[in-house]
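K.L.:
Take a look at start.cif, mmCIF, C-alpha atoms and all ligand atoms:
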```cif
data_run
loop_
_atom_site.label_atom_id
_atom_site.label_comp_id
_atom_site.auth_asym_id
_atom_site.auth_seq_id
_atom_site.Cartn_x
_atom_site.Cartn_y
_atom_site.Cartn_z
CA MET A 1473 -29.09 -10.73 19.25
CA ARG A 1474 -26.26 -11.06 16.77
CA ILE A 1475 -27.25 -11.24 13.11
CA LEU A 1476 -25.06 -12.27 10.20
CA GLY A 1477 -26.03 -10.40 7.02
CA ILE A 1478 -25.15 -11.34 3.45
CA GLU A 1479 -25.45 -9.09 0.37
CA THR A 1480 -24.94 -10.39 -3.18
CA SER A 1481 -27.66 -8.68 -5.23
CA CYS A 1482 -25.41 -6.93 -7.74
CA ASP A 1483 -21.65 -6.41 -7.97
CA GLU A 1484 -20.66 -6.24 -4.32
CA THR A 1485 -20.07 -9.37 -2.24
CA ALA A 1486 -20.57 -8.39 1.38
CA ALA A 1487 -20.97 -9.91 4.85
CA ALA A 1488 -21.43 -8.28 8.24
CA ILE A 1489 -22.49 -8.95 11.81
CA VAL A 1490 -24.63 -6.44 13.71
CA THR A 1491 -26.04 -6.35 17.22
CA ARG A 1492 -27.15 -3.86 19.85
CA ASP A 1493 -24.82 -2.84 22.66
CA SER A 1494 -25.80 -3.02 26.34
CA GLU A 1495 -27.67 0.30 25.96
CA GLY A 1496 -29.60 -0.96 22.96
CA MET A 1497 -27.59 1.10 20.49
CA PRO A 1498 -26.95 -0.50 17.09
CA GLN A 1499 -23.44 -1.79 16.64
CA ILE A 1500 -21.56 -3.23 13.66
CA LEU A 1501 -19.29 -5.97 15.01
CA SER A 1502 -17.56 -6.67 11.70
CA GLN A 1503 -18.06 -6.05 8.01
CA ASN A 1504 -16.34 -6.91 4.77
CA VAL A 1505 -17.10 -5.99 1.20
CA LEU A 1506 -15.47 -7.08 -2.02
CA SER A 1507 -16.23 -5.01 -5.08
CA GLN A 1508 -16.26 -6.63 -8.52
CA PHE A 1509 -15.55 -3.43 -10.49
CA GLU A 1510 -12.40 -4.88 -12.03
CA ASP A 1511 -14.22 -8.03 -13.23
CA HIS A 1512 -16.77 -5.93 -15.14
CA ARG A 1513 -14.67 -2.95 -16.23
CA GLU A 1514 -13.83 -4.14 -19.74
CA PHE A 1515 -17.57 -4.69 -20.43
CA GLY A 1516 -18.55 -1.18 -19.29
CA GLY A 1517 -21.25 -2.50 -16.94
CA VAL A 1518 -22.24 -5.39 -14.70
CA VAL A 1519 -22.39 -8.78 -16.47
CA PRO A 1520 -24.83 -10.99 -14.50
CA GLU A 1521 -23.04 -14.32 -15.11
CA ILE A 1522 -19.66 -12.89 -14.13
CA ALA A 1523 -21.22 -11.34 -11.04
CA ALA A 1524 -22.77 -14.63 -9.90
CA ARG A 1525 -19.50 -16.54 -10.36
CA ALA A 1526 -17.53 -13.87 -8.52
CA HIS A 1527 -19.97 -14.02 -5.58
CA LEU A 1528 -19.63 -17.81 -5.51
CA THR A 1529 -15.84 -17.59 -5.44
CA ALA A 1530 -15.67 -14.90 -2.78
CA LEU A 1531 -18.56 -15.41 -0.39
CA ASP A 1532 -17.39 -18.33 1.80
CA HIS A 1533 -14.03 -16.68 2.50
CA LEU A 1534 -15.66 -13.36 3.13
CA ILE A 1535 -18.07 -14.85 5.71
CA LYS A 1536 -15.20 -16.71 7.39
CA LYS A 1537 -13.23 -13.48 7.64
CA THR A 1538 -16.26 -11.57 8.94
CA MET A 1539 -16.77 -14.19 11.68
CA ALA A 1540 -13.06 -14.12 12.55
CA ASP A 1541 -12.94 -10.31 12.62
CA ALA A 1542 -15.74 -10.31 15.21
CA GLU A 1543 -14.11 -13.28 17.02
CA LEU A 1544 -17.37 -15.20 16.80
CA SER A 1545 -18.39 -18.69 15.75
CA PHE A 1546 -21.78 -19.65 14.32
CA ASP A 1547 -22.78 -20.74 17.87
CA ASN A 1548 -22.87 -17.05 18.77
CA ILE A 1549 -25.09 -16.03 15.85
CA ASP A 1550 -28.87 -15.81 16.39
CA ALA A 1551 -30.03 -15.59 12.78
CA VAL A 1552 -28.68 -15.23 9.26
CA ALA A 1553 -30.17 -12.67 6.89
CA ALA A 1554 -29.59 -12.51 3.15
CA THR A 1555 -30.77 -10.25 0.36
CA THR A 1556 -33.31 -12.24 -1.66
CA GLY A 1557 -34.37 -9.42 -3.98
CA PRO A 1558 -34.54 -7.24 -5.93
CA GLY A 1559 -31.39 -7.80 -7.97
CA LEU A 1560 -29.59 -10.15 -10.32
CA VAL A 1561 -31.03 -13.61 -9.77
CA GLY A 1562 -27.72 -15.49 -10.06
CA GLY A 1563 -26.13 -13.42 -7.32
CA LEU A 1564 -29.25 -13.56 -5.15
CA ILE A 1565 -29.25 -17.36 -5.34
CA VAL A 1566 -25.61 -17.53 -4.21
CA GLY A 1567 -26.20 -15.36 -1.13
CA MET A 1568 -29.56 -16.89 -0.28
CA MET A 1569 -28.42 -20.52 -0.56
CA THR A 1570 -25.33 -19.80 1.53
CA ALA A 1571 -27.51 -18.20 4.21
CA LYS A 1572 -29.97 -21.10 4.17
CA ALA A 1573 -27.11 -23.60 4.49
CA ILE A 1574 -25.68 -21.74 7.50
CA ALA A 1575 -29.15 -21.53 9.05
CA ALA A 1576 -29.89 -25.23 8.49
CA THR A 1577 -26.56 -26.56 9.74
CA ASN A 1578 -26.54 -24.33 12.82
CA ASN A 1579 -30.24 -24.57 13.54
CA ILE A 1580 -30.82 -20.83 13.51
CA PRO A 1581 -33.47 -18.82 11.66
CA PHE A 1582 -33.05 -17.63 8.08
CA LEU A 1583 -34.36 -14.19 7.12
CA ALA A 1584 -35.08 -13.13 3.53
CA ILE A 1585 -34.40 -9.41 3.22
CA ASN A 1586 -35.51 -6.89 0.61
CA HIS A 1587 -32.37 -5.04 -0.51
CA LEU A 1588 -34.33 -1.78 -0.68
CA GLU A 1589 -35.45 -2.25 2.91
CA GLY A 1590 -31.77 -2.53 3.79
CA HIS A 1591 -31.11 0.87 2.20
CA ALA A 1592 -34.31 2.29 3.73
CA LEU A 1593 -33.41 1.32 7.31
CA THR A 1594 -29.67 2.12 7.24
CA ALA A 1595 -30.28 5.48 8.93
CA ARG A 1596 -31.73 3.60 11.90
CA LEU A 1597 -28.52 1.60 12.16
CA THR A 1598 -26.20 4.61 11.81
CA ASP A 1599 -28.23 7.40 13.42
CA SER A 1600 -31.04 5.65 15.32
CA VAL A 1601 -33.63 7.62 13.33
CA GLU A 1602 -37.14 6.97 14.67
CA TYR A 1603 -40.18 6.03 12.56
CA PRO A 1604 -41.82 7.69 10.71
CA TYR A 1605 -39.44 9.51 8.38
CA LEU A 1606 -39.29 10.65 4.78
CA LEU A 1607 -36.87 8.71 2.58
CA LEU A 1608 -35.21 9.65 -0.68
CA LEU A 1609 -33.96 6.35 -2.08
CA VAL A 1610 -31.56 6.91 -4.96
CA SER A 1611 -29.67 3.89 -6.24
CA GLY A 1612 -28.64 2.18 -9.46
CA GLY A 1613 -32.09 0.72 -10.12
CA HIS A 1614 -34.48 2.84 -8.06
CA THR A 1615 -35.32 6.47 -7.47
CA GLN A 1616 -38.19 6.93 -5.07
CA ILE A 1617 -39.50 9.09 -2.29
CA LEU A 1618 -41.16 7.02 0.43
CA SER A 1619 -42.82 7.57 3.74
CA VAL A 1620 -41.19 5.03 6.06
CA ASN A 1621 -43.96 4.55 8.60
CA GLY A 1622 -42.56 1.51 10.40
CA LEU A 1623 -40.80 -1.78 9.75
CA GLY A 1624 -42.35 -3.21 6.58
CA ASP A 1625 -44.73 -0.23 6.25
CA TYR A 1626 -43.54 1.86 3.32
CA GLN A 1627 -45.66 4.21 1.26
CA ARG A 1628 -44.28 5.29 -2.08
CA MET A 1629 -44.93 8.97 -2.72
CA ALA A 1630 -42.88 9.38 -5.89
CA THR A 1631 -40.82 7.40 -8.37
CA THR A 1632 -38.86 7.93 -11.54
CA ILE A 1633 -40.97 7.26 -14.59
CA ASP A 1634 -37.96 6.15 -16.63
CA ASP A 1635 -34.27 5.87 -15.69
CA ALA A 1636 -33.13 5.50 -12.11
CA LEU A 1637 -30.80 8.27 -11.04
CA GLY A 1638 -27.78 5.98 -10.58
CA GLU A 1639 -28.43 4.68 -14.07
CA ALA A 1640 -28.45 8.27 -15.41
CA PHE A 1641 -25.09 8.88 -13.71
CA ASP A 1642 -23.71 5.62 -15.12
CA LYS A 1643 -24.93 6.34 -18.66
CA THR A 1644 -23.60 9.90 -18.52
CA ALA A 1645 -20.20 8.54 -17.43
CA LYS A 1646 -20.22 6.01 -20.25
CA LEU A 1647 -21.04 8.49 -22.98
CA LEU A 1648 -18.33 10.83 -21.71
CA GLY A 1649 -15.80 7.98 -21.73
CA LEU A 1650 -15.43 7.85 -17.94
CA PRO A 1651 -14.78 4.41 -16.42
CA ILE A 1652 -17.10 2.47 -14.08
CA PRO A 1653 -18.18 3.04 -11.37
CA GLY A 1654 -19.90 5.84 -13.28
CA GLY A 1655 -21.46 7.86 -10.46
CA PRO A 1656 -18.30 8.44 -8.41
CA ASN A 1657 -16.33 9.27 -11.57
CA VAL A 1658 -18.92 11.84 -12.71
CA GLU A 1659 -18.69 13.37 -9.23
CA LEU A 1660 -14.90 13.41 -9.40
CA ALA A 1661 -14.86 15.07 -12.84
CA ALA A 1662 -17.52 17.58 -11.72
CA LYS A 1663 -15.22 18.85 -8.98
CA GLU A 1664 -13.09 20.56 -11.66
CA GLY A 1665 -16.10 21.74 -13.69
CA ASP A 1666 -18.24 24.85 -14.11
CA ALA A 1667 -21.83 23.91 -13.16
CA LYS A 1668 -23.20 27.06 -14.80
CA ARG A 1669 -21.72 26.46 -18.27
CA PHE A 1670 -24.66 24.34 -19.51
CA GLN A 1671 -28.35 24.61 -18.59
CA PHE A 1672 -29.60 21.03 -18.72
CA PRO A 1673 -33.36 20.39 -18.50
CA GLN A 1674 -35.07 19.44 -15.25
CA PRO A 1675 -37.81 17.15 -16.63
CA LEU A 1676 -41.29 17.25 -15.02
CA ARG A 1677 -40.31 20.31 -12.99
CA GLY A 1678 -43.34 22.49 -12.45
CA LYS A 1679 -45.71 19.61 -13.35
CA ASP A 1680 -48.34 18.55 -10.86
CA THR A 1681 -46.52 15.38 -9.81
CA LEU A 1682 -43.84 14.33 -7.38
CA ASN A 1683 -42.53 11.83 -9.92
CA MET A 1684 -39.18 12.28 -11.61
CA SER A 1685 -37.75 11.62 -15.06
CA PHE A 1686 -34.11 11.44 -16.06
CA SER A 1687 -34.02 10.00 -19.57
CA GLY A 1688 -34.49 13.41 -21.24
CA LEU A 1689 -31.62 14.79 -19.22
CA LYS A 1690 -29.42 11.96 -20.38
CA THR A 1691 -30.36 12.73 -24.00
CA ALA A 1692 -29.55 16.42 -23.48
CA VAL A 1693 -26.13 15.44 -22.13
CA ARG A 1694 -25.51 13.21 -25.16
CA GLN A 1695 -26.52 15.95 -27.59
CA LYS A 1696 -24.28 18.46 -25.84
CA ALA A 1697 -21.35 16.03 -25.86
CA GLU A 1698 -21.87 15.33 -29.56
CA SER A 1699 -22.05 19.02 -30.41
CA LEU A 1700 -18.76 19.71 -28.62
CA ALA A 1701 -16.84 16.63 -29.80
CA PRO A 1702 -13.94 16.09 -29.53
CA LEU A 1703 -14.34 16.80 -25.83
CA SER A 1704 -11.57 18.40 -23.82
CA LYS A 1705 -11.03 17.42 -20.19
CA GLN A 1706 -12.60 20.75 -19.22
CA ASP A 1707 -15.68 20.11 -21.42
CA ILE A 1708 -16.18 16.77 -19.66
CA ALA A 1709 -15.77 18.36 -16.24
CA ASP A 1710 -18.24 21.16 -17.13
CA ILE A 1711 -20.82 18.69 -18.49
CA CYS A 1712 -20.52 16.57 -15.33
CA ALA A 1713 -20.87 19.58 -13.05
CA SER A 1714 -23.86 20.94 -15.01
CA PHE A 1715 -25.52 17.49 -15.09
CA GLN A 1716 -25.03 17.03 -11.35
CA SER A 1717 -26.42 20.46 -10.70
CA ALA A 1718 -29.58 19.79 -12.76
CA VAL A 1719 -30.11 16.45 -11.03
CA SER A 1720 -29.65 17.92 -7.60
CA ALA A 1721 -32.13 20.72 -8.37
CA VAL A 1722 -34.73 18.11 -9.36
CA LEU A 1723 -34.20 16.18 -6.12
CA VAL A 1724 -34.40 19.31 -3.97
CA ASN A 1725 -37.56 20.44 -5.77
CA ARG A 1726 -39.31 17.07 -5.29
CA CYS A 1727 -38.12 16.55 -1.73
CA LYS A 1728 -39.33 20.01 -0.73
CA ARG A 1729 -42.83 19.22 -1.95
CA ALA A 1730 -42.77 15.71 -0.49
CA MET A 1731 -41.73 17.17 2.86
CA ALA A 1732 -44.81 19.39 2.89
CA GLU A 1733 -47.04 16.40 2.04
CA PHE A 1734 -45.35 14.23 4.67
CA LEU A 1735 -45.98 16.84 7.38
CA VAL A 1736 -49.70 16.94 6.60
CA LYS A 1737 -49.92 13.20 7.32
CA ASN A 1738 -47.33 13.17 10.11
CA PRO A 1739 -47.53 16.41 12.07
CA THR A 1740 -44.32 16.56 14.11
CA SER A 1741 -41.94 19.20 15.33
CA ALA A 1742 -38.90 17.08 14.51
CA PRO A 1743 -39.30 15.75 10.96
CA VAL A 1744 -36.40 13.86 9.37
CA LEU A 1745 -35.41 13.45 5.72
CA VAL A 1746 -33.16 10.45 5.08
CA ALA A 1747 -31.17 9.95 1.87
CA ALA A 1748 -30.07 6.40 1.06
CA GLY A 1749 -28.69 4.30 -1.80
CA GLY A 1750 -25.49 4.66 -3.81
CA VAL A 1751 -26.29 8.10 -5.25
CA ALA A 1752 -26.74 9.43 -1.70
CA ALA A 1753 -22.93 9.23 -1.48
CA ASN A 1754 -22.76 12.22 -3.84
CA GLN A 1755 -21.44 15.25 -1.94
CA LYS A 1756 -23.20 17.86 -4.07
CA ILE A 1757 -26.56 16.13 -3.59
CA ARG A 1758 -25.94 15.70 0.13
CA PHE A 1759 -24.99 19.35 0.49
CA ASP A 1760 -28.06 20.60 -1.38
CA LEU A 1761 -30.43 18.37 0.60
CA GLU A 1762 -28.78 19.40 3.85
CA THR A 1763 -29.30 23.07 2.90
CA LEU A 1764 -32.95 22.39 2.03
CA CYS A 1765 -33.50 20.74 5.40
CA THR A 1766 -31.80 23.57 7.30
CA ASN A 1767 -34.05 26.07 5.52
CA GLU A 1768 -37.19 24.02 6.22
CA ASN A 1769 -36.32 23.18 9.84
CA TRP A 1770 -35.96 19.50 9.12
CA GLU A 1771 -33.20 17.17 10.22
CA PHE A 1772 -31.21 15.65 7.36
CA VAL A 1773 -29.59 12.23 7.76
CA ALA A 1774 -27.45 10.46 5.18
CA PRO A 1775 -25.43 7.38 6.16
CA PRO A 1776 -21.63 7.43 5.91
CA LEU A 1777 -20.50 6.95 2.31
CA ALA A 1778 -19.60 3.26 2.68
CA LEU A 1779 -23.11 2.51 3.97
CA CYS A 1780 -24.83 4.39 1.12
CA SER A 1781 -23.66 2.01 -1.59
CA ASP A 1782 -24.37 -1.71 -1.31
CA ASN A 1783 -23.18 -3.21 1.96
CA ALA A 1784 -23.99 -6.03 4.36
CA PRO A 1785 -24.53 -4.15 7.65
CA MET A 1786 -27.79 -2.80 6.17
CA ILE A 1787 -29.00 -6.33 5.42
CA ALA A 1788 -27.96 -7.60 8.84
CA TRP A 1789 -29.72 -4.61 10.42
CA ALA A 1790 -32.99 -5.18 8.56
CA GLY A 1791 -32.64 -8.82 9.68
CA LEU A 1792 -32.15 -7.72 13.27
CA GLU A 1793 -35.25 -5.53 13.24
CA ARG A 1794 -37.26 -8.41 11.81
CA ALA A 1795 -35.74 -10.99 14.18
CA GLU A 1796 -36.57 -8.75 17.14
CA ARG A 1797 -40.17 -8.91 15.96
CA GLY A 1798 -39.93 -12.70 16.06
CA GLU A 1799 -39.94 -13.15 12.30
CA THR A 1800 -38.30 -15.93 10.32
CA SER A 1801 -38.51 -16.76 6.62
CA PRO A 1802 -39.42 -20.15 5.17
CA MET A 1803 -36.57 -22.29 3.83
CA ASP A 1804 -38.35 -22.54 0.47
CA THR A 1805 -38.18 -18.76 -0.05
CA ALA A 1806 -37.38 -17.98 -3.70
CA PRO A 1807 -35.32 -15.02 -4.93
CA ARG A 1808 -37.24 -12.11 -6.49
CA SER A 1809 -35.62 -10.08 -9.24
CA ARG A 1810 -38.30 -7.44 -8.72
CA TRP A 1811 -39.60 -6.70 -5.25
CA PRO A 1812 -41.07 -3.24 -4.63
CA LEU A 1813 -41.00 -1.83 -1.11
CA ASP A 1814 -44.55 -0.61 -1.44
CA GLU A 1815 -46.44 -3.47 -3.09
CA THR A 1816 -49.70 -1.51 -3.10
CA THR A 1817 -48.60 1.08 -5.66
CA ALA A 1818 -48.79 0.29 -9.33
CA SER A 1819 -45.44 -0.12 -11.02
CA ILE A 1820 -44.81 2.55 -13.61
CA ILE A 1821 -43.97 1.16 -17.00
CA GLY A 1822 -40.34 1.87 -17.73
CA SER A 1823 -39.28 2.79 -14.22
CA GLY A 1824 -36.37 0.78 -12.87
CA ARG A 1825 -36.42 -0.95 -16.27
CA ARG A 1826 -32.97 -2.34 -15.86
CA GLY A 1827 -34.44 -4.55 -13.13
CA ALA A 1828 -30.97 -5.90 -12.63
CA LYS A 1829 -29.86 -3.43 -10.04
CA ALA A 1830 -31.58 -2.49 -6.85
O1 LIG A 1901 -27.15 1.42 -3.95
P1 LIG A 1901 -26.11 1.05 -4.93
O2 LIG A 1901 -24.71 0.82 -4.46
O3 LIG A 1901 -26.49 -0.21 -5.77
C1 LIG A 1901 -27.81 -0.43 -6.11
O4 LIG A 1901 -28.54 -0.92 -5.25
O5 LIG A 1901 -28.13 -0.03 -7.24
O6 LIG A 1901 -26.11 2.22 -6.03
C2 LIG A 1901 -25.23 2.16 -7.12
C3 LIG A 1901 -25.45 3.40 -7.95
C4 LIG A 1901 -24.63 3.36 -9.23
O7 LIG A 1901 -25.45 3.77 -10.29
C5 LIG A 1901 -23.53 4.35 -8.95
O8 LIG A 1901 -23.02 4.96 -10.11
C6 LIG A 1901 -24.24 5.35 -8.04
O9 LIG A 1901 -25.04 4.56 -7.22
N1 LIG A 1901 -23.29 6.12 -7.24
C7 LIG A 1901 -23.15 7.46 -7.32
C8 LIG A 1901 -22.11 7.81 -6.43
N2 LIG A 1901 -21.68 6.67 -5.83
C9 LIG A 1901 -22.41 5.64 -6.34
N3 LIG A 1901 -23.80 8.38 -8.07
C10 LIG A 1901 -23.42 9.66 -7.94
N4 LIG A 1901 -22.42 10.07 -7.11
C11 LIG A 1901 -21.76 9.18 -6.34
N5 LIG A 1901 -20.77 9.58 -5.54
ZN ZN A 1902 -28.38 -0.95 -3.45
#
```
Turn this file's structure into C-alpha cells for me.
P.N.:
Amino acid sequence: MRILGIETSCDETAAAIVTRDSEGMPQILSQNVLSQFEDHREFGGVVPEIAARAHLTALDHLIKKTMADAELSFDNIDAVAATTGPGLVGGLIVGMMTAKAIAATNNIPFLAINHLEGHALTARLTDSVEYPYLLLLVSGGHTQILSVNGLGDYQRMATTIDDALGEAFDKTAKLLGLPIPGGPNVELAAKEGDAKRFQFPQPLRGKDTLNMSFSGLKTAVRQKAESLAPLSKQDIADICASFQSAVSAVLVNRCKRAMAEFLVKNPTSAPVLVAAGGVAANQKIRFDLETLCTNENWEFVAPPLALCSDNAPMIAWAGLERAERGETSPMDTAPRSRWPLDETTASIIGSGRRGAKA
C-alpha cells in the first residue's frame, strides 16, 4: 500500500508518501514540508487566519512535488490521509478538503487522522517499535504520558494541568526576547548557559500524581528575568539553561514513575519508552531520558529531529496502519479542534488551553 499523507493542523504545510518495502519495513517514499515561521514572526506567534491562507497557497504545489519526487501518479496511491484534528480549524479544513477531493476524484479511500496519533506512532515508522510501549508526548499543545497499547488504544497516564511544555518553551522565549520558533531558540541559547546558576521550581514534584504543571515555572522565569533586567546575553543563556534543566528533571521524574506503573500492567523484559512531539527534538531532554532508560534497563526511542516536529510522514503512517486494518473515514467527516487520544479520561480544566496547537 502507498499512502499519501497531508498535515496542515498548525503552521507547517506538509505532504508525504509512505509504504512498506518488500520485507514489510516502513519506508518514506517522499516528503516535503513548508514552514510558515516567517509569515508569523512579526506577530510573535501563530495567527490562525494567516496559517489557513498560507496552507491554501502552498498545499497543491507541495502535493504535486511530493508525487513527482516519488515518481508516482494518483493511480499508484491506495488511500489519502489527512490530519482532521486537533488543531487550528482553518488549516484543518484546507488539508481535509484537499484530501477528500483527491480521494473522490481518484476513487480511493479517505482517512481522517488524529494529529496526536501521528506523533504517537512515529516511532513505529522510524524504529518499528512494537505495541505496547510507553509514550511521552510533548508538543506545543499537549504534554502527556500514555500507554500505547495498540492502534487506536491509548491510555492516558498523565497530563499537564496547565501549560503544555512546548507552550512553556515558547512563552519563555518570548519573555526573554528570543524569536519564534521559541523552543529551538531556547535550546540554542541554553548551549552557552550555566544550568546551575538558577534553581527554578519543579512544580508537583514529590506530589502523589504523575501529572505535570509548567505555568509556575514560567512565572518563576519571568520574575527572574524582571529582577535581572536589563538582561545580558549571558543572563539569557543562563536562564534558558536553568529552565531547560528544571523541565528535563520534571520529565525524568514523571517518566521514571510512569515506567514502573507501565511494567506492572505490561510485564516485559524489553520495555520501550518513546518520546514524540516537537519538544522531543530537544537534545538535553533526549539525553536525560536516554540516561534514565539506560539506568532502568529500558530502550529509549526518539524519532529523528525532523520527524519530532509536525510532519506528513507521521500522518501517512497512521493512515497506513489504519488502511491495513481495512478502515476508511466517511466523506462527511468534520474537523475537530479538540480531539484527545484517550477519550475515556476526563479533560483537565486548563490543560492544553491554547487548543490551537496539537
Ligand atoms: O509537535 P509540534 O511541532 O507542533 C505541535 O503539534 O504542537 O511542537 C511544536 C512545539 C513548539 O512549542 C516548539 O517551540 C517546540 O515544540 N519545540 C521545541 C524544540 N523544537 C520544537 N522545544 C524545545 N526544544 C526544541 N528543540
Ligand atoms: Zn504536533
K.L.:
Between A:Ala1752, A:Met1568, A:Ala1713, A:Ala1540, which is the closest to ligand LIG 1901 (chain A) once you count only C-alpha atoms and all ligand atoms?
P.N.:
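Using only C-alpha atoms and all ligand atoms, the shortest distance to ligand LIG 1901 (chain A) belongs to A:Ala1752.
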K.L.:
Would you compute the distance between atom CA of A:Thr1644 and atom CA of A:Ala1526? Give it in Å to one decimal.
P.N.:
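Distance reported for this atom pair: 26.5 Å.
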K.L.:
May I ask which of the residues A:Arg1669, A:Arg1794, A:His1591, A:Lys1756 is the closest one to ligand ZN 1902 (chain A), counting only C-alpha atoms and all ligand atoms?
P.N.:
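Answer, going by the shortest atom-to-atom distance: A:His1591.
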K.L.:
Compile a residue-level contact table for chain A against ligand ZN 1902 (chain A) at a cut-off of 12 Å, reporting for every qualifying residue the shortest atom pair and its distance in Å to one decimal, with all atoms listed in the file counted, rows ordered by chain and ascending number, as CSV.
P.N.:
```
residue,atom,partner,partner_atom,distance
A:Glu1479,CA,A:ZN1902,ZN,9.5
A:Thr1480,CA,A:ZN1902,ZN,10.1
A:Ser1481,CA,A:ZN1902,ZN,8.0
A:Cys1482,CA,A:ZN1902,ZN,7.9
A:Asp1483,CA,A:ZN1902,ZN,9.8
A:Glu1484,CA,A:ZN1902,ZN,9.4
A:Thr1485,CA,A:ZN1902,ZN,11.9
A:Ala1486,CA,A:ZN1902,ZN,11.8
A:Thr1555,CA,A:ZN1902,ZN,10.3
A:Gly1557,CA,A:ZN1902,ZN,10.4
A:Pro1558,CA,A:ZN1902,ZN,9.1
A:Gly1559,CA,A:ZN1902,ZN,8.7
A:Leu1560,CA,A:ZN1902,ZN,11.5
A:Asn1586,CA,A:ZN1902,ZN,10.1
A:His1587,CA,A:ZN1902,ZN,6.4
A:Leu1588,CA,A:ZN1902,ZN,6.6
A:Glu1589,CA,A:ZN1902,ZN,9.6
A:Gly1590,CA,A:ZN1902,ZN,8.1
A:His1591,CA,A:ZN1902,ZN,6.5
A:Ala1592,CA,A:ZN1902,ZN,9.9
A:Thr1594,CA,A:ZN1902,ZN,11.2
A:Leu1609,CA,A:ZN1902,ZN,9.3
A:Val1610,CA,A:ZN1902,ZN,8.6
A:Ser1611,CA,A:ZN1902,ZN,5.7
A:Gly1612,CA,A:ZN1902,ZN,6.8
A:Gly1613,CA,A:ZN1902,ZN,7.8
A:His1614,CA,A:ZN1902,ZN,8.5
A:Thr1615,CA,A:ZN1902,ZN,10.9
A:Ala1636,CA,A:ZN1902,ZN,11.8
A:Gly1638,CA,A:ZN1902,ZN,10.0
A:Ala1748,CA,A:ZN1902,ZN,8.8
A:Gly1749,CA,A:ZN1902,ZN,5.5
A:Gly1750,CA,A:ZN1902,ZN,6.3
A:Val1751,CA,A:ZN1902,ZN,9.5
A:Ala1752,CA,A:ZN1902,ZN,10.7
A:Ala1753,CA,A:ZN1902,ZN,11.7
A:Ala1778,CA,A:ZN1902,ZN,11.5
A:Leu1779,CA,A:ZN1902,ZN,9.7
A:Cys1780,CA,A:ZN1902,ZN,7.9
A:Ser1781,CA,A:ZN1902,ZN,5.9
A:Asp1782,CA,A:ZN1902,ZN,4.6
A:Asn1783,CA,A:ZN1902,ZN,7.8
A:Ala1784,CA,A:ZN1902,ZN,10.3
A:Met1786,CA,A:ZN1902,ZN,9.8
A:Ile1787,CA,A:ZN1902,ZN,10.4
A:Gly1827,CA,A:ZN1902,ZN,12.0
A:Ala1828,CA,A:ZN1902,ZN,10.7
A:Lys1829,CA,A:ZN1902,ZN,7.2
A:Ala1830,CA,A:ZN1902,ZN,4.9
```
K.L.:
With a distance cut-off of 10 Å and only C-alpha atoms, select the neighbouring residues of A:Ile1580, excluding the residue or stretch itself and same-chain residues fewer than 4 positions from it, and output the selection as a list in words.
P.N.:
Phe1546, Asp1547, Ile1549, Asp1550, Ala1551, Val1552, Lys1572, Ile1574, Ala1575, Ala1576 and Thr1800 of chain A
K.L.:
When you draw a straight line from atom CA of A:Ala1788 to atom CA of A:Arg1492, how long is it in Å?
P.N.:
11.7 Å
